[in-house]
$ cat structure-v3.txt   # compact mmCIF, C-alpha atoms
# COMPACT_ATOMS: atom_id res chain seq x y z
CA MET A 1 -42.27 -42.05 -43.29
CA ASP A 2 -42.55 -38.77 -41.42
CA GLU A 3 -42.94 -38.89 -37.69
CA THR A 4 -46.19 -37.88 -36.06
CA GLN A 5 -45.38 -38.40 -32.41
CA ALA A 6 -43.93 -35.47 -30.46
CA PRO A 7 -42.72 -36.52 -26.99
CA VAL A 8 -41.68 -33.87 -24.50
CA ARG A 9 -38.11 -35.03 -23.99
CA PRO A 10 -35.64 -36.11 -26.69
CA VAL A 11 -36.10 -39.56 -28.11
CA HIS A 12 -34.21 -42.39 -29.70
CA THR A 13 -35.80 -43.26 -33.03
CA VAL A 14 -35.66 -46.73 -34.55
CA ILE A 15 -36.88 -47.33 -38.08
CA ASP A 16 -37.45 -50.95 -39.03
CA CYS A 17 -36.55 -51.01 -42.71
CA GLY A 18 -38.41 -54.28 -43.14
CA THR A 19 -41.76 -53.35 -41.67
CA ARG A 20 -41.40 -49.54 -41.94
CA GLU A 21 -42.43 -49.34 -38.29
CA ILE A 22 -41.00 -46.35 -36.37
CA VAL A 23 -40.51 -46.56 -32.61
CA HIS A 24 -39.64 -43.58 -30.40
CA THR A 25 -38.14 -44.19 -26.98
CA PRO A 26 -37.77 -41.14 -24.70
CA LEU A 27 -34.36 -40.71 -23.10
CA SER A 28 -34.07 -41.90 -19.53
CA ASP A 29 -33.20 -39.51 -16.71
CA ALA A 30 -29.66 -40.92 -16.72
CA GLU A 31 -29.32 -40.34 -20.45
CA VAL A 32 -30.56 -36.77 -20.13
CA ALA A 33 -28.09 -36.13 -17.32
CA ALA A 34 -25.23 -37.66 -19.29
CA GLN A 35 -26.17 -35.56 -22.28
CA GLN A 36 -26.07 -32.39 -20.18
CA VAL A 37 -22.56 -33.30 -19.03
CA ARG A 38 -21.42 -33.89 -22.62
CA VAL A 39 -22.94 -30.65 -23.85
CA LYS A 40 -21.25 -28.66 -21.09
CA ALA A 41 -17.91 -30.34 -21.80
CA ALA A 42 -18.29 -29.60 -25.50
CA ALA A 43 -19.22 -25.98 -24.87
CA ASP A 44 -16.29 -25.57 -22.48
CA ALA A 45 -13.92 -27.10 -25.03
CA GLU A 46 -15.17 -24.84 -27.76
CA ALA A 47 -14.94 -21.78 -25.53
CA ALA A 48 -11.39 -22.73 -24.58
CA GLN A 49 -10.49 -23.12 -28.24
CA VAL A 50 -12.01 -19.75 -29.06
CA ALA A 51 -10.01 -18.14 -26.25
CA ALA A 52 -6.82 -19.83 -27.40
CA ASP A 53 -7.39 -18.71 -30.97
CA ALA A 54 -8.09 -15.15 -29.85
CA GLU A 55 -4.93 -15.11 -27.77
CA LEU A 56 -2.89 -16.37 -30.69
CA ARG A 57 -4.35 -13.78 -33.03
CA ALA A 58 -3.67 -11.04 -30.50
CA GLN A 59 -0.07 -12.13 -30.25
CA VAL A 60 0.29 -12.22 -34.01
CA ALA A 61 -1.36 -8.84 -34.40
CA ALA A 62 1.15 -7.40 -31.94
CA HIS A 63 4.12 -8.96 -33.71
CA PRO A 64 6.52 -6.30 -35.02
CA ASP A 65 7.36 -8.13 -38.26
CA PRO A 66 4.83 -7.32 -41.04
CA LEU A 67 5.79 -10.54 -42.80
CA VAL A 68 4.69 -12.55 -39.77
CA GLN A 69 1.47 -10.61 -39.62
CA ALA A 70 0.79 -11.15 -43.31
CA LEU A 71 1.56 -14.85 -43.11
CA ALA A 72 -0.59 -15.30 -40.02
CA ALA A 73 -3.48 -13.44 -41.59
CA ARG A 74 -3.29 -15.75 -44.57
CA LEU A 75 -3.03 -18.93 -42.54
CA LEU A 76 -5.25 -18.14 -39.59
CA GLY A 77 -7.95 -16.10 -41.25
CA THR A 78 -10.80 -15.33 -38.92
CA GLY A 79 -11.81 -18.89 -38.19
CA PRO A 80 -13.73 -20.02 -35.13
CA ALA A 81 -13.02 -22.77 -32.67
CA GLY A 82 -12.72 -26.41 -33.60
CA SER A 83 -15.58 -28.90 -33.64
CA VAL A 84 -16.30 -30.86 -30.51
CA MET B 1 -26.62 -63.57 -80.12
CA ALA B 2 -28.35 -61.35 -77.59
CA LEU B 3 -26.72 -60.91 -74.23
CA PHE B 4 -30.05 -60.82 -72.44
CA THR B 5 -33.56 -61.83 -73.11
CA ALA B 6 -36.11 -59.08 -72.79
CA GLY B 7 -36.95 -60.10 -69.23
CA GLN B 8 -33.32 -60.24 -68.21
CA ARG B 9 -32.74 -56.73 -69.49
CA ILE B 10 -35.56 -55.46 -67.34
CA LEU B 11 -34.21 -57.33 -64.34
CA ALA B 12 -30.69 -55.97 -64.86
CA ALA B 13 -31.99 -52.44 -65.11
CA TYR B 14 -34.12 -52.91 -62.03
CA GLU B 15 -31.28 -54.25 -59.95
CA ASN B 16 -29.13 -51.23 -60.72
CA GLN B 17 -31.69 -48.75 -59.49
CA VAL B 18 -31.10 -46.86 -56.29
CA ALA B 19 -33.87 -47.70 -53.84
CA LEU B 20 -35.06 -45.54 -50.98
CA ILE B 21 -34.98 -47.91 -48.01
CA ALA B 22 -36.33 -45.48 -45.43
CA THR B 23 -36.42 -41.79 -44.66
CA THR B 24 -37.45 -39.72 -41.68
CA THR B 25 -37.95 -36.04 -40.98
CA LEU B 26 -37.62 -35.54 -37.26
CA SER B 27 -40.54 -33.84 -35.56
CA THR B 28 -38.85 -33.55 -32.19
CA SER B 29 -35.39 -33.40 -30.62
CA THR B 30 -33.82 -36.80 -31.26
CA ALA B 31 -30.73 -38.29 -29.68
CA SER B 32 -30.25 -41.05 -32.23
CA VAL B 33 -31.74 -42.45 -35.41
CA THR B 34 -31.41 -46.18 -36.03
CA PHE B 35 -32.16 -47.99 -39.26
CA SER B 36 -32.72 -51.65 -38.45
CA SER B 37 -33.47 -54.72 -40.57
CA ILE B 38 -31.64 -53.15 -43.52
CA PRO B 39 -32.15 -55.29 -46.63
CA ALA B 40 -29.17 -57.08 -48.19
CA TYR B 41 -27.98 -54.48 -50.68
CA ASN B 42 -24.33 -54.38 -51.78
CA ASN B 43 -24.17 -50.62 -51.37
CA LEU B 44 -25.75 -48.27 -48.86
CA SER B 45 -25.89 -44.50 -48.81
CA LEU B 46 -27.07 -42.39 -45.88
CA LYS B 47 -27.86 -38.77 -46.59
CA TRP B 48 -28.64 -36.13 -44.03
CA HIS B 49 -29.79 -32.55 -43.66
CA ALA B 50 -29.33 -31.88 -39.96
CA ALA B 51 -28.25 -29.71 -37.06
CA GLY B 52 -27.63 -30.28 -33.36
CA ASP B 53 -29.15 -28.52 -30.38
CA ALA B 54 -26.10 -28.37 -28.08
CA SER B 55 -26.02 -24.87 -26.63
CA ALA B 56 -22.98 -22.64 -27.15
CA ILE B 57 -21.65 -24.97 -29.84
CA VAL B 58 -20.78 -23.98 -33.39
CA GLY B 59 -19.98 -27.45 -34.72
CA GLU B 60 -20.81 -30.85 -33.36
CA GLN B 61 -19.59 -34.24 -34.53
CA ILE B 62 -22.05 -36.69 -36.00
CA ASN B 63 -21.19 -40.36 -35.45
CA ILE B 64 -22.33 -43.83 -36.42
CA GLN B 65 -22.30 -47.31 -34.98
CA VAL B 66 -23.06 -50.31 -37.18
CA ASN B 67 -24.68 -53.61 -36.30
CA GLY B 68 -25.00 -52.46 -32.71
CA VAL B 69 -21.25 -52.63 -32.12
CA VAL B 70 -20.36 -50.23 -29.28
CA THR B 71 -16.92 -51.58 -28.46
CA ALA B 72 -13.69 -49.69 -29.25
CA ASN B 73 -13.17 -51.23 -32.67
CA TYR B 74 -13.76 -48.31 -34.99
CA VAL B 75 -10.88 -46.74 -36.92
CA GLN B 76 -11.35 -43.35 -38.52
CA GLU B 77 -9.44 -40.74 -40.47
CA LYS B 78 -10.71 -37.28 -41.23
CA LEU B 79 -9.57 -34.38 -43.33
CA GLU B 80 -11.52 -31.40 -42.09
CA ALA B 81 -11.43 -27.69 -42.71
CA ASN B 82 -12.54 -25.44 -39.89
CA THR B 83 -13.10 -22.20 -41.77
CA THR B 84 -9.49 -21.61 -42.87
CA THR B 85 -7.67 -24.25 -40.84
CA VAL B 86 -7.31 -27.72 -42.32
CA THR B 87 -6.36 -30.70 -40.18
CA GLY B 88 -6.02 -34.43 -40.64
CA THR B 89 -6.64 -36.83 -37.78
CA LEU B 90 -6.36 -40.60 -37.48
CA THR B 91 -8.08 -42.25 -34.54
CA ALA B 92 -8.14 -45.96 -33.76
CA GLY B 93 -9.98 -47.73 -31.00
CA SER B 94 -13.06 -45.53 -30.95
CA THR B 95 -16.47 -46.72 -29.86
CA ASN B 96 -18.01 -45.08 -32.91
CA ALA B 97 -16.95 -43.48 -36.16
CA GLN B 98 -17.36 -39.81 -37.02
CA ILE B 99 -19.06 -39.30 -40.37
CA GLY B 100 -19.24 -35.52 -40.33
CA THR B 101 -19.87 -32.32 -38.45
CA ILE B 102 -23.22 -30.57 -38.09
CA PRO B 103 -23.96 -27.03 -36.92
CA GLY B 104 -24.75 -26.66 -33.23
CA ALA B 105 -27.18 -24.39 -31.45
CA SER B 106 -24.96 -21.37 -32.11
CA ARG B 107 -25.69 -21.60 -35.82
CA ALA B 108 -27.43 -18.82 -37.67
CA SER B 109 -31.17 -19.20 -38.02
CA GLY B 110 -32.07 -21.76 -40.64
CA TYR B 111 -28.51 -22.97 -41.20
CA MET B 112 -28.31 -26.76 -41.48
CA GLY B 113 -25.55 -29.24 -42.21
CA ALA B 114 -25.53 -31.66 -45.11
CA GLY B 115 -23.72 -34.88 -45.82
CA SER B 116 -23.59 -38.25 -47.46
CA LEU B 117 -22.17 -41.52 -46.16
CA GLU B 118 -21.23 -44.22 -48.63
CA MET B 119 -20.93 -47.85 -47.57
CA PRO B 120 -19.86 -49.98 -50.54
CA GLY B 121 -19.49 -53.73 -50.67
CA ILE B 122 -21.27 -54.40 -47.43
CA GLN B 123 -22.08 -58.00 -48.33
CA ASP B 124 -18.36 -58.88 -48.22
CA ALA B 125 -18.35 -61.64 -45.62
CA LEU B 126 -14.55 -62.03 -45.55
CA ASN B 127 -13.37 -58.56 -44.53
CA HIS B 128 -14.27 -55.67 -42.27
CA GLN B 129 -16.84 -53.03 -43.19
CA SER B 130 -15.39 -49.75 -44.46
CA PHE B 131 -17.10 -46.51 -45.40
CA VAL B 132 -16.47 -42.90 -46.38
CA SER B 133 -18.47 -39.72 -46.07
CA MET B 134 -18.39 -36.05 -46.88
CA ALA B 135 -20.11 -33.43 -44.82
CA THR B 136 -20.51 -29.72 -44.40
CA ALA B 137 -21.61 -27.63 -41.47
CA ILE B 138 -21.90 -23.99 -42.35
CA ALA B 139 -22.98 -22.70 -38.96
CA THR B 140 -22.69 -18.98 -39.62
CA ASN B 141 -21.21 -16.82 -42.34
CA SER B 142 -17.91 -16.85 -40.43
CA ALA B 143 -17.89 -20.33 -38.86
CA SER B 144 -18.03 -23.47 -40.92
CA PHE B 145 -16.71 -26.98 -41.30
CA VAL B 146 -16.32 -29.22 -44.30
CA GLY B 147 -14.58 -32.55 -44.49
CA VAL B 148 -14.04 -36.04 -45.76
CA TYR B 149 -14.31 -38.82 -43.22
CA ALA B 150 -13.14 -42.40 -43.61
CA GLY B 151 -14.09 -45.16 -41.23
CA MET B 152 -13.93 -48.86 -40.61
CA LEU B 153 -15.36 -51.29 -38.14
CA ALA B 154 -12.20 -53.31 -37.55
CA ALA B 155 -14.01 -56.25 -36.06
CA GLY B 156 -16.22 -58.89 -37.59
CA THR B 157 -17.31 -59.39 -41.16
CA ALA B 158 -21.07 -59.34 -40.85
CA PRO B 159 -23.01 -57.43 -43.50
CA ILE B 160 -24.49 -54.19 -42.23
CA THR B 161 -28.06 -54.69 -41.11
CA THR B 162 -28.30 -51.96 -38.48
CA LEU B 163 -27.04 -48.38 -38.67
CA THR B 164 -27.29 -45.86 -35.84
CA VAL B 165 -26.45 -42.20 -36.35
CA PHE B 166 -26.16 -39.74 -33.47
CA PRO B 167 -24.58 -36.40 -32.52
CA ALA B 168 -21.63 -36.52 -30.15
CA ALA B 169 -23.07 -34.39 -27.39
CA SER B 170 -26.72 -33.56 -27.80
CA ASN B 171 -29.67 -34.17 -30.12
CA PHE B 172 -30.64 -33.64 -33.70
CA VAL B 173 -33.08 -30.76 -34.00
CA ALA B 174 -36.58 -31.17 -35.33
CA GLY B 175 -36.61 -30.80 -39.07
CA SER B 176 -33.46 -32.85 -39.54
CA VAL B 177 -33.81 -35.36 -42.35
CA PHE B 178 -32.15 -38.77 -42.68
CA SER B 179 -32.57 -40.98 -45.71
CA LEU B 180 -31.09 -44.41 -46.35
CA TYR B 181 -30.69 -45.71 -49.89
CA GLY B 182 -29.49 -49.03 -51.22
CA TRP B 183 -28.60 -50.61 -54.51
CA MET B 184 -27.03 -53.76 -55.84
$ encode --input "structure-v3.txt" --output "structure tokens"
Amino acid sequence: MDETQAPVRPVHTVIDCGTREIVHTPLSDAEVAAQQVRVKAAADAEAAQVAADAELRAQVAAHPDPLVQALAARLLGTGPAGSV
Amino acid sequence: MALFTAGQRILAAYENQVALIATTTLSTSTASVTFSSIPAYNNLSLKWHAAGDASAIVGEQINIQVNGVVTANYVQEKLEANTTTVTGTLTAGSTNAQIGTIPGASRASGYMGAGSLEMPGIQDALNHQSFVSMATAIATNSASFVGVYAGMLAAGTAPITTLTVFPAASNFVAGSVFSLYGWM
């Protein structure tokens, strides 16, 4: 049941499991605009999380107690920002 | 005394087979994939191999809505590891349920997420629909997500006949694969 149609803009895809018919509906202008807003918000949130993580790691790295540094390295690792 | 006649044995074996209901490999950027007119199986399983196209994003949530319900009646719990950080989150009153995380546009070339959603007992007409999934989103060699996601549509008791899956912010990239299976 592979698709063969390739519209220019993103689509909604509906697969009728009874008839096996596949219908593609291109996103409306409003949907595209809303999607752009969501993507920007998600990117901003991820960037903010990355910055917060970096700040925390910098603070830990500068901590004078080696035990704190060792514990933080074990717990924090080198992980990236959270999912959005 | 035999438990089954020959024909009944064949029928019993047949009814316990997993059937491919429908599958699609996306050929273009797709905001949502909906399986409609799902036959009346007792168990459904949705499997995916997918990524999102949201720019500057490492991981993006992948959500579902069932039977066209878009009201804030979904309850979900997730246990997710973000590289080395593990968190648990319970959310009630959502308009959809998260079933996993997929890599975003910041993923390494060729890196795709994978997951499986299990929906058992969906012909239960007395209680709400509940489901559980596991998913992974290795976006790069230093950024990844893996988790277990539980969900429920805490409204209505209708069997699941429609299932819509979509990324939280953007679209599934071309090449993403979604397959729906059912069995009795």
$ atom_distance --input "structure-v3.txt" --atom1 "atom CA of B:Thr162" --atom2 "atom CA of B:Thr101"
21.4 Å
$ atom_distance --input "structure-v3.txt" --atom1 "atom CA of B:Ala108" --atom2 "atom CA of A:Asp44"
20.0 Å
$ residues_around --input "structure-v3.txt" --residues "B:Ala81" --least-positions-apart "3" --cutoff "9 Å" --atoms "only C-alpha atoms" --output "ChimeraX atom specification"
/B:84-88,144-147
$ interface_residues --input "structure-v3.txt" --of "chain B" --to "chain A" --cutoff "7 Å" --atoms "all atoms listed in the file" --output "number ranges by chain"
B: 21-38, 54, 56-57, 59-61, 82-85, 142-143, 169-170
$ residues_around --input "structure-v3.txt" --residues "B:Ala114" --least-positions-apart "6" --cutoff "9 Å" --atoms "all atoms listed in the file" --output "MDAnalysis selection string"
chainID B and resid 47:51 100:102 134:138
$ atom_distance --input "structure-v3.txt" --atom1 "atom CA of B:Phe178" --atom2 "atom CA of B:Ser133"
14.1 Å
$ axis_aligned_box --input "structure-v3.txt" --around "stretch 33-36 of chain A" --padding-each-side "4 Å" --output "lines of an AutoDock Vina configuration file"
center_x = -26.7
center_y = -35.0
center_z = -19.8
size_x = 10.9
size_y = 13.3
size_z = 13.0
$ residues_around --input "structure-v3.txt" --residues "B:Val75" --least-positions-apart "5" --cutoff "8 Å" --atoms "all atoms listed in the file" --output "VMD selection string"
chain B and resid 90 to 94 97 151 to 154
$ build_atoms --input "structure-v3.txt" --residues "stretch 132-161 of chain B" --atoms "N, CA and C atoms" --output "PDB file, keeping the file's coordinate frame"
ATOM      1  N   VAL B 132     -17.035 -44.248 -46.211  1.00  0.00           N
ATOM      2  CA  VAL B 132     -16.470 -42.900 -46.380  1.00  0.00           C
ATOM      3  C   VAL B 132     -17.626 -41.918 -46.500  1.00  0.00           C
ATOM      4  N   SER B 133     -17.410 -40.722 -46.009  1.00  0.00           N
ATOM      5  CA  SER B 133     -18.470 -39.720 -46.070  1.00  0.00           C
ATOM      6  C   SER B 133     -17.880 -38.341 -46.336  1.00  0.00           C
ATOM      7  N   MET B 134     -18.748 -37.467 -46.761  1.00  0.00           N
ATOM      8  CA  MET B 134     -18.390 -36.050 -46.880  1.00  0.00           C
ATOM      9  C   MET B 134     -19.506 -35.267 -46.224  1.00  0.00           C
ATOM     10  N   ALA B 135     -19.113 -34.186 -45.575  1.00  0.00           N
ATOM     11  CA  ALA B 135     -20.110 -33.430 -44.820  1.00  0.00           C
ATOM     12  C   ALA B 135     -19.726 -31.968 -44.745  1.00  0.00           C
ATOM     13  N   THR B 136     -20.740 -31.141 -44.591  1.00  0.00           N
ATOM     14  CA  THR B 136     -20.510 -29.720 -44.400  1.00  0.00           C
ATOM     15  C   THR B 136     -21.395 -29.210 -43.289  1.00  0.00           C
ATOM     16  N   ALA B 137     -20.870 -28.255 -42.550  1.00  0.00           N
ATOM     17  CA  ALA B 137     -21.610 -27.630 -41.470  1.00  0.00           C
ATOM     18  C   ALA B 137     -21.313 -26.144 -41.500  1.00  0.00           C
ATOM     19  N   ILE B 138     -22.023 -25.448 -42.336  1.00  0.00           N
ATOM     20  CA  ILE B 138     -21.900 -23.990 -42.350  1.00  0.00           C
ATOM     21  C   ILE B 138     -22.815 -23.483 -41.246  1.00  0.00           C
ATOM     22  N   ALA B 139     -22.200 -23.081 -40.133  1.00  0.00           N
ATOM     23  CA  ALA B 139     -22.980 -22.700 -38.960  1.00  0.00           C
ATOM     24  C   ALA B 139     -23.370 -21.225 -38.986  1.00  0.00           C
ATOM     25  N   THR B 140     -22.429 -20.416 -39.440  1.00  0.00           N
ATOM     26  CA  THR B 140     -22.690 -18.980 -39.620  1.00  0.00           C
ATOM     27  C   THR B 140     -21.897 -18.555 -40.851  1.00  0.00           C
ATOM     28  N   ASN B 141     -21.967 -17.284 -41.178  1.00  0.00           N
ATOM     29  CA  ASN B 141     -21.210 -16.820 -42.340  1.00  0.00           C
ATOM     30  C   ASN B 141     -19.717 -16.682 -42.036  1.00  0.00           C
ATOM     31  N   SER B 142     -19.323 -16.917 -40.787  1.00  0.00           N
ATOM     32  CA  SER B 142     -17.910 -16.850 -40.430  1.00  0.00           C
ATOM     33  C   SER B 142     -17.426 -18.099 -39.700  1.00  0.00           C
ATOM     34  N   ALA B 143     -18.269 -19.094 -39.562  1.00  0.00           N
ATOM     35  CA  ALA B 143     -17.890 -20.330 -38.860  1.00  0.00           C
ATOM     36  C   ALA B 143     -18.444 -21.519 -39.617  1.00  0.00           C
ATOM     37  N   SER B 144     -17.539 -22.333 -40.156  1.00  0.00           N
ATOM     38  CA  SER B 144     -18.030 -23.470 -40.920  1.00  0.00           C
ATOM     39  C   SER B 144     -17.031 -24.610 -40.907  1.00  0.00           C
ATOM     40  N   PHE B 145     -17.527 -25.777 -41.215  1.00  0.00           N
ATOM     41  CA  PHE B 145     -16.710 -26.980 -41.300  1.00  0.00           C
ATOM     42  C   PHE B 145     -17.074 -27.715 -42.579  1.00  0.00           C
ATOM     43  N   VAL B 146     -16.062 -28.330 -43.180  1.00  0.00           N
ATOM     44  CA  VAL B 146     -16.320 -29.220 -44.300  1.00  0.00           C
ATOM     45  C   VAL B 146     -15.235 -30.286 -44.262  1.00  0.00           C
ATOM     46  N   GLY B 147     -15.598 -31.521 -44.593  1.00  0.00           N
ATOM     47  CA  GLY B 147     -14.580 -32.550 -44.490  1.00  0.00           C
ATOM     48  C   GLY B 147     -14.933 -33.838 -45.189  1.00  0.00           C
ATOM     49  N   VAL B 148     -13.895 -34.668 -45.267  1.00  0.00           N
ATOM     50  CA  VAL B 148     -14.040 -36.040 -45.760  1.00  0.00           C
ATOM     51  C   VAL B 148     -13.655 -36.956 -44.620  1.00  0.00           C
ATOM     52  N   TYR B 149     -14.470 -37.961 -44.385  1.00  0.00           N
ATOM     53  CA  TYR B 149     -14.310 -38.820 -43.220  1.00  0.00           C
ATOM     54  C   TYR B 149     -14.295 -40.280 -43.666  1.00  0.00           C
ATOM     55  N   ALA B 150     -13.242 -40.976 -43.289  1.00  0.00           N
ATOM     56  CA  ALA B 150     -13.140 -42.400 -43.610  1.00  0.00           C
ATOM     57  C   ALA B 150     -13.296 -43.191 -42.331  1.00  0.00           C
ATOM     58  N   GLY B 151     -13.908 -44.350 -42.430  1.00  0.00           N
ATOM     59  CA  GLY B 151     -14.090 -45.160 -41.230  1.00  0.00           C
ATOM     60  C   GLY B 151     -14.115 -46.634 -41.534  1.00  0.00           C
ATOM     61  N   MET B 152     -13.895 -47.402 -40.487  1.00  0.00           N
ATOM     62  CA  MET B 152     -13.930 -48.860 -40.610  1.00  0.00           C
ATOM     63  C   MET B 152     -14.322 -49.455 -39.273  1.00  0.00           C
ATOM     64  N   LEU B 153     -15.118 -50.488 -39.333  1.00  0.00           N
ATOM     65  CA  LEU B 153     -15.360 -51.290 -38.140  1.00  0.00           C
ATOM     66  C   LEU B 153     -14.380 -52.455 -38.208  1.00  0.00           C
ATOM     67  N   ALA B 154     -13.285 -52.320 -37.463  1.00  0.00           N
ATOM     68  CA  ALA B 154     -12.200 -53.310 -37.550  1.00  0.00           C
ATOM     69  C   ALA B 154     -12.475 -54.503 -36.642  1.00  0.00           C
ATOM     70  N   ALA B 155     -13.628 -55.063 -36.816  1.00  0.00           N
ATOM     71  CA  ALA B 155     -14.010 -56.250 -36.060  1.00  0.00           C
ATOM     72  C   ALA B 155     -15.193 -56.895 -36.773  1.00  0.00           C
ATOM     73  N   GLY B 156     -15.114 -58.186 -36.973  1.00  0.00           N
ATOM     74  CA  GLY B 156     -16.220 -58.890 -37.590  1.00  0.00           C
ATOM     75  C   GLY B 156     -16.328 -58.667 -39.084  1.00  0.00           C
ATOM     76  N   THR B 157     -17.125 -59.483 -39.713  1.00  0.00           N
ATOM     77  CA  THR B 157     -17.310 -59.390 -41.160  1.00  0.00           C
ATOM     78  C   THR B 157     -18.781 -59.442 -41.534  1.00  0.00           C
ATOM     79  N   ALA B 158     -19.639 -59.228 -40.573  1.00  0.00           N
ATOM     80  CA  ALA B 158     -21.070 -59.340 -40.850  1.00  0.00           C
ATOM     81  C   ALA B 158     -21.547 -58.210 -41.756  1.00  0.00           C
ATOM     82  N   PRO B 159     -22.420 -58.496 -42.697  1.00  0.00           N
ATOM     83  CA  PRO B 159     -23.010 -57.430 -43.500  1.00  0.00           C
ATOM     84  C   PRO B 159     -23.748 -56.442 -42.596  1.00  0.00           C
ATOM     85  N   ILE B 160     -23.846 -55.215 -43.052  1.00  0.00           N
ATOM     86  CA  ILE B 160     -24.490 -54.190 -42.230  1.00  0.00           C
ATOM     87  C   ILE B 160     -26.003 -54.335 -42.315  1.00  0.00           C
ATOM     88  N   THR B 161     -26.603 -54.582 -41.180  1.00  0.00           N
ATOM     89  CA  THR B 161     -28.060 -54.690 -41.110  1.00  0.00           C
ATOM     90  C   THR B 161     -28.670 -53.643 -40.181  1.00  0.00           C
TER      91      THR B 161
END
